[in-house]
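Dumped my_file.pdb below, it's PDB, C-alpha atoms:
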```
ATOM      1  CA  MET E   1       0.000   0.000   0.000
ATOM      2  CA  SER E   2       1.445   3.379  -0.974
ATOM      3  CA  ASP E   3       1.295   6.398   1.324
ATOM      4  CA  ASP E   4      -1.104   8.105  -1.027
ATOM      5  CA  VAL E   5      -4.047   5.748  -1.084
ATOM      6  CA  SER E   6      -6.093   8.147  -3.199
ATOM      7  CA  ALA E   7      -3.570   8.164  -6.056
ATOM      8  CA  PRO E   8      -5.428   7.902  -9.359
ATOM      9  CA  ALA E   9      -3.484   4.764 -10.325
ATOM     10  CA  GLU E  10      -5.142   2.892  -7.463
ATOM     11  CA  ILE E  11      -8.683   3.796  -8.461
ATOM     12  CA  PRO E  12     -10.297   1.127 -10.658
ATOM     13  CA  ASP E  13     -11.311   1.929 -14.220
ATOM     14  CA  GLY E  14     -14.504   3.834 -14.743
ATOM     15  CA  TYR E  15     -14.575   5.527 -11.364
ATOM     16  CA  THR E  16     -14.386   9.299 -11.039
ATOM     17  CA  ALA E  17     -14.095  11.317  -7.829
ATOM     18  CA  LEU E  18     -17.224  13.033  -6.539
ATOM     19  CA  ASP E  19     -16.887  16.682  -5.590
ATOM     20  CA  TRP E  20     -18.194  16.308  -2.040
ATOM     21  CA  ARG E  21     -15.625  18.195   0.011
ATOM     22  CA  ARG E  22     -17.660  19.926   2.687
ATOM     23  CA  GLY E  23     -18.900  18.600   6.009
ATOM     24  CA  PHE E  24     -19.085  14.913   6.730
ATOM     25  CA  PRO E  25     -18.815  13.582   3.163
ATOM     26  CA  GLY E  26     -15.513  15.496   2.997
ATOM     27  CA  GLN E  27     -14.360  13.793   6.194
ATOM     28  CA  ILE E  28     -15.120  10.345   4.764
ATOM     29  CA  GLY E  29     -14.081  10.916   1.149
ATOM     30  CA  PRO E  30     -12.858  11.207  -1.492
ATOM     31  CA  LEU E  31     -15.749   9.093  -2.726
ATOM     32  CA  TYR E  32     -15.811   7.759  -6.270
ATOM     33  CA  ARG E  33     -18.648   6.846  -8.587
ATOM     34  CA  ARG E  34     -18.981   4.660 -11.638
ATOM     35  CA  ILE E  35     -22.011   4.817 -13.892
ATOM     36  CA  ASP E  36     -22.926   1.918 -16.121
ATOM     37  CA  PRO E  37     -26.165   0.706 -17.737
ATOM     38  CA  SER E  38     -27.226  -1.171 -14.600
ATOM     39  CA  GLY E  39     -26.907   1.917 -12.381
ATOM     40  CA  ALA E  40     -24.379   3.759 -10.247
ATOM     41  CA  THR E  41     -21.756   2.179  -8.001
ATOM     42  CA  MET E  42     -19.730   4.067  -5.406
ATOM     43  CA  GLY E  43     -16.177   3.312  -4.370
ATOM     44  CA  LEU E  44     -14.001   4.200  -1.376
ATOM     45  CA  ARG E  45     -10.419   3.382  -0.452
ATOM     46  CA  VAL E  46     -10.209   2.525   3.280
ATOM     47  CA  ASP E  47      -7.459   4.528   4.959
ATOM     48  CA  GLU E  48      -6.312   5.283   8.503
ATOM     49  CA  ARG E  49      -9.025   7.934   9.009
ATOM     50  CA  HIS E  50     -11.666   5.221   8.619
ATOM     51  CA  THR E  51     -10.356   2.667  11.080
ATOM     52  CA  ASN E  52     -11.552   1.226  14.368
ATOM     53  CA  GLY E  53      -9.289  -0.200  17.083
ATOM     54  CA  MET E  54      -8.758  -3.369  15.011
ATOM     55  CA  LEU E  55      -7.576  -1.310  12.011
ATOM     56  CA  ASN E  56     -10.635  -2.360  10.031
ATOM     57  CA  ALA E  57     -13.106   0.128   8.584
ATOM     58  CA  HIS E  58     -15.261   1.373  11.469
ATOM     59  CA  GLY E  59     -18.897   0.287  11.348
ATOM     60  CA  GLY E  60     -19.826   3.951  11.131
ATOM     61  CA  VAL E  61     -17.848   4.306   7.899
ATOM     62  CA  LEU E  62     -19.618   1.348   6.317
ATOM     63  CA  MET E  63     -23.027   2.664   7.406
ATOM     64  CA  THR E  64     -22.231   6.161   6.133
ATOM     65  CA  PHE E  65     -21.048   4.677   2.827
ATOM     66  CA  ALA E  66     -24.240   2.567   2.692
ATOM     67  CA  ASP E  67     -26.412   5.600   3.371
ATOM     68  CA  MET E  68     -24.767   7.645   0.631
ATOM     69  CA  ALA E  69     -24.544   4.865  -1.984
ATOM     70  CA  TRP E  70     -27.935   3.249  -1.417
ATOM     71  CA  GLY E  71     -29.679   6.617  -1.133
ATOM     72  CA  HIS E  72     -27.941   7.631  -4.356
ATOM     73  CA  VAL E  73     -30.325   5.249  -6.125
ATOM     74  CA  VAL E  74     -33.058   7.790  -5.335
ATOM     75  CA  SER E  75     -30.938  10.576  -6.848
ATOM     76  CA  VAL E  76     -30.440   8.564 -10.037
ATOM     77  CA  GLU E  77     -34.118   7.659 -10.347
ATOM     78  CA  THR E  78     -35.751  10.931  -9.324
ATOM     79  CA  SER E  79     -33.155  13.772  -9.502
ATOM     80  CA  SER E  80     -34.263  14.781  -6.016
ATOM     81  CA  TYR E  81     -32.736  15.667  -2.703
ATOM     82  CA  TRP E  82     -33.729  12.980  -0.201
ATOM     83  CA  VAL E  83     -33.579  12.099   3.466
ATOM     84  CA  THR E  84     -33.059   8.750   5.134
ATOM     85  CA  VAL E  85     -36.052   7.428   7.066
ATOM     86  CA  ARG E  86     -34.653   4.066   8.153
ATOM     87  CA  LEU E  87     -31.495   2.108   7.505
ATOM     88  CA  THR E  88     -30.921  -1.510   8.450
ATOM     89  CA  CYS E  89     -27.376  -2.786   8.082
ATOM     90  CA  ASP E  90     -26.133  -6.364   8.452
ATOM     91  CA  PHE E  91     -22.400  -6.551   9.038
ATOM     92  CA  LEU E  92     -21.067  -9.678   7.335
ATOM     93  CA  SER E  93     -17.335  -9.140   6.975
ATOM     94  CA  ALA E  94     -14.682  -6.526   7.762
ATOM     95  CA  ALA E  95     -12.905  -4.123   5.390
ATOM     96  CA  LYS E  96      -9.206  -3.694   6.068
ATOM     97  CA  MET E  97      -7.052  -0.612   5.724
ATOM     98  CA  GLY E  98      -6.102  -0.245   2.051
ATOM     99  CA  ASP E  99      -9.133  -2.142   0.750
ATOM    100  CA  TRP E 100     -11.092  -0.730  -2.163
ATOM    101  CA  ILE E 101     -14.748  -1.134  -1.240
ATOM    102  CA  GLU E 102     -17.781  -0.644  -3.454
ATOM    103  CA  ALA E 103     -21.481  -0.152  -2.819
ATOM    104  CA  GLY E 104     -24.664  -0.179  -4.818
ATOM    105  CA  GLY E 105     -28.364  -0.767  -4.483
ATOM    106  CA  GLU E 106     -31.639  -1.331  -6.307
ATOM    107  CA  THR E 107     -35.148  -0.085  -5.644
ATOM    108  CA  LEU E 108     -37.444  -2.849  -4.393
ATOM    109  CA  SER E 109     -40.597  -0.733  -4.181
ATOM    110  CA  VAL E 110     -41.958   2.789  -4.045
ATOM    111  CA  GLU E 111     -44.848   3.142  -1.628
ATOM    112  CA  GLY E 112     -46.386   6.294  -0.189
ATOM    113  CA  GLY E 113     -43.524   8.392  -1.540
ATOM    114  CA  LEU E 114     -40.920   6.199   0.158
ATOM    115  CA  TYR E 115     -38.196   4.364  -1.769
ATOM    116  CA  ILE E 116     -37.250   0.956  -0.397
ATOM    117  CA  VAL E 117     -33.709   0.183  -1.556
ATOM    118  CA  ARG E 118     -31.876  -3.094  -1.091
ATOM    119  CA  GLY E 119     -28.150  -2.503  -0.926
ATOM    120  CA  ARG E 120     -24.809  -4.174  -0.629
ATOM    121  CA  ILE E 121     -21.190  -3.226   0.119
ATOM    122  CA  TRP E 122     -18.444  -5.484  -1.175
ATOM    123  CA  CYS E 123     -14.672  -5.816  -1.565
ATOM    124  CA  GLY E 124     -13.788  -7.886  -4.593
ATOM    125  CA  GLU E 125     -15.748 -11.140  -4.288
ATOM    126  CA  ASN E 126     -16.433 -10.604  -0.597
ATOM    127  CA  THR E 127     -19.735  -9.114   0.614
ATOM    128  CA  LEU E 128     -19.140  -6.869   3.647
ATOM    129  CA  MET E 129     -22.646  -5.577   4.325
ATOM    130  CA  THR E 130     -26.194  -6.080   3.148
ATOM    131  CA  GLY E 131     -29.157  -4.012   4.170
ATOM    132  CA  THR E 132     -32.251  -2.051   3.373
ATOM    133  CA  GLY E 133     -32.775   1.684   3.243
ATOM    134  CA  VAL E 134     -36.007   3.641   3.323
ATOM    135  CA  PHE E 135     -35.496   7.019   1.666
ATOM    136  CA  LYS E 136     -37.856   9.924   1.092
ATOM    137  CA  PRO E 137     -37.329  12.317  -1.833
ATOM    138  CA  ILE E 138     -37.934  15.828  -0.506
ATOM    139  CA  LYS E 139     -37.274  18.229  -3.381
ATOM    140  CA  ARG E 140     -36.704  17.950  -7.126
ATOM    141  CA  ARG E 141     -33.601  19.530  -8.633
ATOM    142  CA  GLU E 142     -31.966  19.782 -12.070
ATOM    143  CA  PRO E 143     -30.990  16.325 -13.403
ATOM    144  CA  ARG E 144     -27.259  15.589 -13.309
ATOM    145  CA  ARG E 145     -25.090  13.299 -15.385
ATOM    146  CA  GLY E 146     -25.842   9.653 -14.663
ATOM    147  CA  GLU E 147     -29.417  10.323 -13.573
ATOM    148  CA  LYS E 148     -32.373   8.947 -15.510
ATOM    149  CA  ALA E 149     -33.858  12.359 -16.332
ATOM    150  CA  PHE E 150     -30.503  13.778 -17.507
ATOM    151  CA  ARG E 151     -30.393  14.956 -21.144
ATOM    152  CA  GLY E 152     -26.761  15.864 -21.722
TER     153      GLY E 152
ATOM    154  CA  MET U   1     -22.579  29.631  19.030
ATOM    155  CA  SER U   2     -18.908  30.252  19.813
ATOM    156  CA  ASP U   3     -16.164  29.323  17.366
ATOM    157  CA  ASP U   4     -14.858  26.678  19.726
ATOM    158  CA  VAL U   5     -17.844  24.379  20.079
ATOM    159  CA  SER U   6     -15.840  21.892  22.129
ATOM    160  CA  ALA U   7     -14.977  24.444  24.826
ATOM    161  CA  PRO U   8     -15.391  22.858  28.253
ATOM    162  CA  ALA U   9     -17.954  25.488  29.298
ATOM    163  CA  GLU U  10     -20.342  24.162  26.653
ATOM    164  CA  ILE U  11     -20.171  20.550  27.821
ATOM    165  CA  PRO U  12     -22.997  19.701  30.252
ATOM    166  CA  ASP U  13     -22.212  18.711  33.820
ATOM    167  CA  GLY U  14     -21.054  15.188  34.446
ATOM    168  CA  TYR U  15     -19.621  14.566  30.988
ATOM    169  CA  THR U  16     -15.930  13.853  30.479
ATOM    170  CA  ALA U  17     -14.114  13.532  27.165
ATOM    171  CA  LEU U  18     -13.232  10.025  25.989
ATOM    172  CA  ASP U  19      -9.674   9.470  24.854
ATOM    173  CA  TRP U  20     -10.543   8.096  21.411
ATOM    174  CA  ARG U  21      -8.266  10.059  19.132
ATOM    175  CA  ARG U  22      -7.196   7.569  16.490
ATOM    176  CA  GLY U  23      -8.959   6.501  13.329
ATOM    177  CA  PHE U  24     -12.629   7.137  12.790
ATOM    178  CA  PRO U  25     -13.652   7.881  16.395
ATOM    179  CA  GLY U  26     -11.029  10.661  16.258
ATOM    180  CA  GLN U  27     -12.627  12.015  13.085
ATOM    181  CA  ILE U  28     -16.048  12.138  14.743
ATOM    182  CA  GLY U  29     -15.026  13.205  18.255
ATOM    183  CA  PRO U  30     -14.330  14.451  20.789
ATOM    184  CA  LEU U  31     -16.957  12.185  22.300
ATOM    185  CA  TYR U  32     -18.044  12.617  25.897
ATOM    186  CA  ARG U  33     -19.437  10.152  28.425
ATOM    187  CA  ARG U  34     -21.451  10.493  31.599
ATOM    188  CA  ILE U  35     -21.839   7.612  34.018
ATOM    189  CA  ASP U  36     -24.724   7.498  36.439
ATOM    190  CA  PRO U  37     -26.526   4.698  38.302
ATOM    191  CA  SER U  38     -28.795   3.949  35.337
ATOM    192  CA  GLY U  39     -25.869   3.444  32.946
ATOM    193  CA  ALA U  40     -23.632   5.378  30.577
ATOM    194  CA  THR U  41     -24.716   8.187  28.264
ATOM    195  CA  MET U  42     -22.580   9.594  25.449
ATOM    196  CA  GLY U  43     -22.553  13.180  24.245
ATOM    197  CA  LEU U  44     -21.398  14.939  21.086
ATOM    198  CA  ARG U  45     -21.437  18.558  19.976
ATOM    199  CA  VAL U  46     -22.440  18.787  16.299
ATOM    200  CA  ASP U  47     -19.965  20.919  14.368
ATOM    201  CA  GLU U  48     -19.185  21.700  10.720
ATOM    202  CA  ARG U  49     -17.254  18.421  10.237
ATOM    203  CA  HIS U  50     -20.473  16.491  10.925
ATOM    204  CA  THR U  51     -22.805  18.233   8.512
ATOM    205  CA  ASN U  52     -24.679  17.250   5.374
ATOM    206  CA  GLY U  53     -25.719  19.629   2.596
ATOM    207  CA  MET U  54     -28.549  20.982   4.773
ATOM    208  CA  LEU U  55     -26.107  21.814   7.617
ATOM    209  CA  ASN U  56     -27.697  19.166   9.822
ATOM    210  CA  ALA U  57     -25.749  16.273  11.307
ATOM    211  CA  HIS U  58     -25.209  13.769   8.496
ATOM    212  CA  GLY U  59     -27.085  10.482   8.893
ATOM    213  CA  GLY U  60     -23.716   8.747   8.983
ATOM    214  CA  VAL U  61     -22.726  10.742  12.070
ATOM    215  CA  LEU U  62     -25.907   9.782  13.881
ATOM    216  CA  MET U  63     -25.469   6.103  12.955
ATOM    217  CA  THR U  64     -21.827   6.143  14.006
ATOM    218  CA  PHE U  65     -22.789   7.789  17.295
ATOM    219  CA  ALA U  66     -25.550   5.177  17.742
ATOM    220  CA  ASP U  67     -23.143   2.330  17.037
ATOM    221  CA  MET U  68     -20.617   3.583  19.596
ATOM    222  CA  ALA U  69     -23.110   4.568  22.307
ATOM    223  CA  TRP U  70     -25.492   1.633  22.019
ATOM    224  CA  GLY U  71     -22.626  -0.857  21.689
ATOM    225  CA  HIS U  72     -21.048   0.754  24.743
ATOM    226  CA  VAL U  73     -23.811  -0.936  26.776
ATOM    227  CA  VAL U  74     -21.997  -4.218  26.023
ATOM    228  CA  SER U  75     -18.717  -2.721  27.268
ATOM    229  CA  VAL U  76     -20.373  -1.626  30.504
ATOM    230  CA  GLU U  77     -22.053  -4.969  31.087
ATOM    231  CA  THR U  78     -19.310  -7.363  29.992
ATOM    232  CA  SER U  79     -15.969  -5.487  29.883
ATOM    233  CA  SER U  80     -15.441  -6.961  26.426
ATOM    234  CA  TYR U  81     -14.435  -5.837  22.998
ATOM    235  CA  TRP U  82     -17.409  -6.309  20.703
ATOM    236  CA  VAL U  83     -18.453  -6.140  17.074
ATOM    237  CA  THR U  84     -21.695  -4.939  15.530
ATOM    238  CA  VAL U  85     -23.768  -7.635  13.843
ATOM    239  CA  ARG U  86     -26.785  -5.560  12.840
ATOM    240  CA  LEU U  87     -27.929  -2.011  13.389
ATOM    241  CA  THR U  88     -31.385  -0.670  12.591
ATOM    242  CA  CYS U  89     -31.798   3.093  12.806
ATOM    243  CA  ASP U  90     -35.015   5.098  12.536
ATOM    244  CA  PHE U  91     -34.397   8.757  11.733
ATOM    245  CA  LEU U  92     -37.032  10.858  13.497
ATOM    246  CA  SER U  93     -35.628  14.379  13.602
ATOM    247  CA  ALA U  94     -32.540  16.319  12.532
ATOM    248  CA  ALA U  95     -29.647  17.590  14.661
ATOM    249  CA  LYS U  96     -28.435  21.058  13.736
ATOM    250  CA  MET U  97     -24.927  22.470  13.816
ATOM    251  CA  GLY U  98     -24.137  23.486  17.399
ATOM    252  CA  ASP U  99     -26.590  21.028  18.967
ATOM    253  CA  TRP U 100     -25.479  18.931  21.936
ATOM    254  CA  ILE U 101     -26.762  15.435  21.241
ATOM    255  CA  GLU U 102     -26.834  12.484  23.611
ATOM    256  CA  ALA U 103     -27.233   8.742  23.186
ATOM    257  CA  GLY U 104     -27.859   5.742  25.380
ATOM    258  CA  GLY U 105     -29.305   2.259  25.307
ATOM    259  CA  GLU U 106     -30.472  -0.700  27.344
ATOM    260  CA  THR U 107     -30.100  -4.427  26.832
ATOM    261  CA  LEU U 108     -33.373  -6.085  25.851
ATOM    262  CA  SER U 109     -32.052  -9.641  25.724
ATOM    263  CA  VAL U 110     -28.953 -11.788  25.500
ATOM    264  CA  GLU U 111     -29.404 -14.783  23.239
ATOM    265  CA  GLY U 112     -26.777 -17.073  21.769
ATOM    266  CA  GLY U 113     -24.015 -14.713  22.847
ATOM    267  CA  LEU U 114     -25.657 -11.757  21.084
ATOM    268  CA  TYR U 115     -26.704  -8.607  22.938
ATOM    269  CA  ILE U 116     -29.894  -6.963  21.680
ATOM    270  CA  VAL U 117     -29.764  -3.290  22.658
ATOM    271  CA  ARG U 118     -32.558  -0.767  22.227
ATOM    272  CA  GLY U 119     -31.145   2.701  21.822
ATOM    273  CA  ARG U 120     -32.027   6.314  21.395
ATOM    274  CA  ILE U 121     -30.348   9.591  20.382
ATOM    275  CA  TRP U 122     -31.838  12.842  21.620
ATOM    276  CA  CYS U 123     -31.273  16.602  21.791
ATOM    277  CA  GLY U 124     -32.910  18.064  24.861
ATOM    278  CA  GLU U 125     -36.533  16.896  24.841
ATOM    279  CA  ASN U 126     -36.390  15.947  21.172
ATOM    280  CA  THR U 127     -35.764  12.335  20.082
ATOM    281  CA  LEU U 128     -33.620  12.246  16.924
ATOM    282  CA  MET U 129     -33.199   8.519  16.396
ATOM    283  CA  THR U 130     -34.430   5.244  17.810
ATOM    284  CA  GLY U 131     -33.149   1.841  16.887
ATOM    285  CA  THR U 132     -31.899  -1.592  17.767
ATOM    286  CA  GLY U 133     -28.370  -2.950  17.748
ATOM    287  CA  VAL U 134     -27.216  -6.548  17.767
ATOM    288  CA  PHE U 135     -23.720  -6.740  19.228
ATOM    289  CA  LYS U 136     -21.403  -9.679  19.788
ATOM    290  CA  PRO U 137     -18.778  -9.565  22.558
ATOM    291  CA  ILE U 138     -15.581 -11.022  21.101
ATOM    292  CA  LYS U 139     -12.917 -10.807  23.817
ATOM    293  CA  ARG U 140     -12.841 -10.013  27.524
ATOM    294  CA  ARG U 141     -10.506  -7.279  28.763
ATOM    295  CA  GLU U 142      -9.702  -5.585  32.080
ATOM    296  CA  PRO U 143     -12.741  -3.761  33.512
ATOM    297  CA  ARG U 144     -12.613   0.026  33.236
ATOM    298  CA  ARG U 145     -14.225   2.762  35.281
ATOM    299  CA  GLY U 146     -17.997   2.828  34.797
ATOM    300  CA  GLU U 147     -18.214  -0.860  33.887
ATOM    301  CA  LYS U 148     -20.113  -3.330  36.041
ATOM    302  CA  ALA U 149     -17.072  -5.525  36.786
ATOM    303  CA  PHE U 150     -14.868  -2.535  37.698
ATOM    304  CA  ARG U 151     -13.513  -2.499  41.249
ATOM    305  CA  GLY U 152     -11.825   0.869  41.550
TER     306      GLY U 152
END
```
Using the file provided, produce a representation of the structure as structure tokens.
Amino acid sequence: MSDDVSAPAEIPDGYTALDWRRGFPGQIGPLYRRIDPSGATMGLRVDERHTNGMLNAHGGVLMTFADMAWGHVVSVETSSYWVTVRLTCDFLSAAKMGDWIEAGGETLSVEGGLYIVRGRIWCGENTLMTGTGVFKPIKRREPRRGEKAFRG
Amino acid sequence: MSDDVSAPAEIPDGYTALDWRRGFPGQIGPLYRRIDPSGATMGLRVDERHTNGMLNAHGGVLMTFADMAWGHVVSVETSSYWVTVRLTCDFLSAAKMGDWIEAGGETLSVEGGLYIVRGRIWCGENTLMTGTGVFKPIKRREPRRGEKAFRG
């Protein structure tokens, strides 16, 4: 592992950095995103800032990553700002310092204005977390690249 | 709100800072703890590092705080290191920048070596989050102050 874990050479093909530098996303990131026909996937390189006492990614990092990546499904589908109503996270396996972890999700249903998203976080072949998010779109905004309503 | 939100004068009586400076707890903290006969409560002052785009505490901060405070019930009861197996978080209300938020939990059951903890995060009279954590003690350690097995 090099000292600079965010060096472009270590970011897998197709991923580009998201410009989320303020507040808590800035504390966690840089976060990366890849858009392909099946949807958006987010990526994160685990570094020392993310660790717990066992030098694995802290549970809070995985849950924050889950919240952002699974909720992003709502952004892609609706071009809206959204809030999290409920998140259930099952911790299956640990992410170690230096690991490149990825997350994505799919909408299971939309009911009463709430999006139910089933999500996963993985590292290579290894699933680290599964879970379900309930997200509520709160305000439409201009479509952005990678979102269904985007006409670029 | 003063510039130095972690100034001792702004920390409610009975709380002392926890010495968690490395890794992710260091990114989130300083975290504070108060021990009284009914158990341990954790406290956190929301500052700019914790915010989302709406300048509220990011959901990831609240979930991380929940994980640490609700799982801390296992530390108090067993003097063990523990891991999180599942966390379910219901987001009821937002925490704003400058808010002093507190969290605590209680064990509902212990089954097959798993602790089921019901937890809450609040700000004054306002409940911000409720939820349930499933935690697994993994290794005993020396009892510390505030833990049931501690003889100080």
Counting all atoms listed in the file, collect the residues of chain E whose closest atom lies at most 6 Å from chain U, and write them out as number ranges by chain. E: 23-24, 48-52, 60, 64, 85-91
Kindly provide, as AutoDock Vina command-line options, the centre and edge lengths (Å, one decimal) of an axis-aligned box around all atoms of stretch 67-75 of chain U given in the file, with 4 Å on each side.
```
--center_x -22.1 --center_y 0.2 --center_z 22.2 --size_x 14.8 --size_y 16.8 --size_z 18.2
```
Could you write out as a PyMOL selection string the residues that the PyMOL selection byres ((chain E and resi 107-115) around 7) matches in the shown file? chain E and resi 105-106+116-118+134-136
Given only C-alpha atoms as the counted atoms, nearest of E:Ala149, E:Met42, E:Ile138, E:Ile101 to E:Ala17: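 Distance minimum relative to E:Ala17 lands on E:Met42.
One finds atom CA of U:Ala69 at 7.2 Å from atom CA of U:Thr41.
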Which residues, protein or nucleic acid, reach to within 10 Å of (-18.4, 13.7, 33.8) in the file's coordinates when using all atoms listed in the file, and can you give that as a PyMOL selection string? chain U and resi 11-17+32-36
How many Å separate atom CA of U:Ser38 from atom CA of U:Val74?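 These two atoms are separated by 14.1 Å.
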Counting all atoms listed in the file, which of E:Val73, E:Val46, E:Ala40, E:Ile121 gets nearest to E:Asp99?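 The shortest atom-to-atom distance to E:Asp99 comes from E:Val46.
Going from atom CA of U:Arg120 to atom CA of U:Glu77 covers 17.9 Å.
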Would you kindly return, as a VMD selection string, each protein, DNA or RNA residue with an atom no farther than 9 Å from any atom of U:Arg45, considering only C-alpha atoms and excluding same-chain residues fewer than 4 positions away? chain U and resid 5 to 6 10 to 11 29 to 31 97 to 102
Can you pull out the residues contacting U:Lys139? Cut-off 9 Å, using only C-alpha atoms, and skip same-chain residues under 3 positions away; I want them as a list in words. Ser79, Ser80, Tyr81 and Trp82 of chain U
Closest of E:Ala95, E:Val76, E:Ala103, E:Leu128 to E:Arg144 - atom-to-atom distances counting only C-alpha atoms: E:Val76
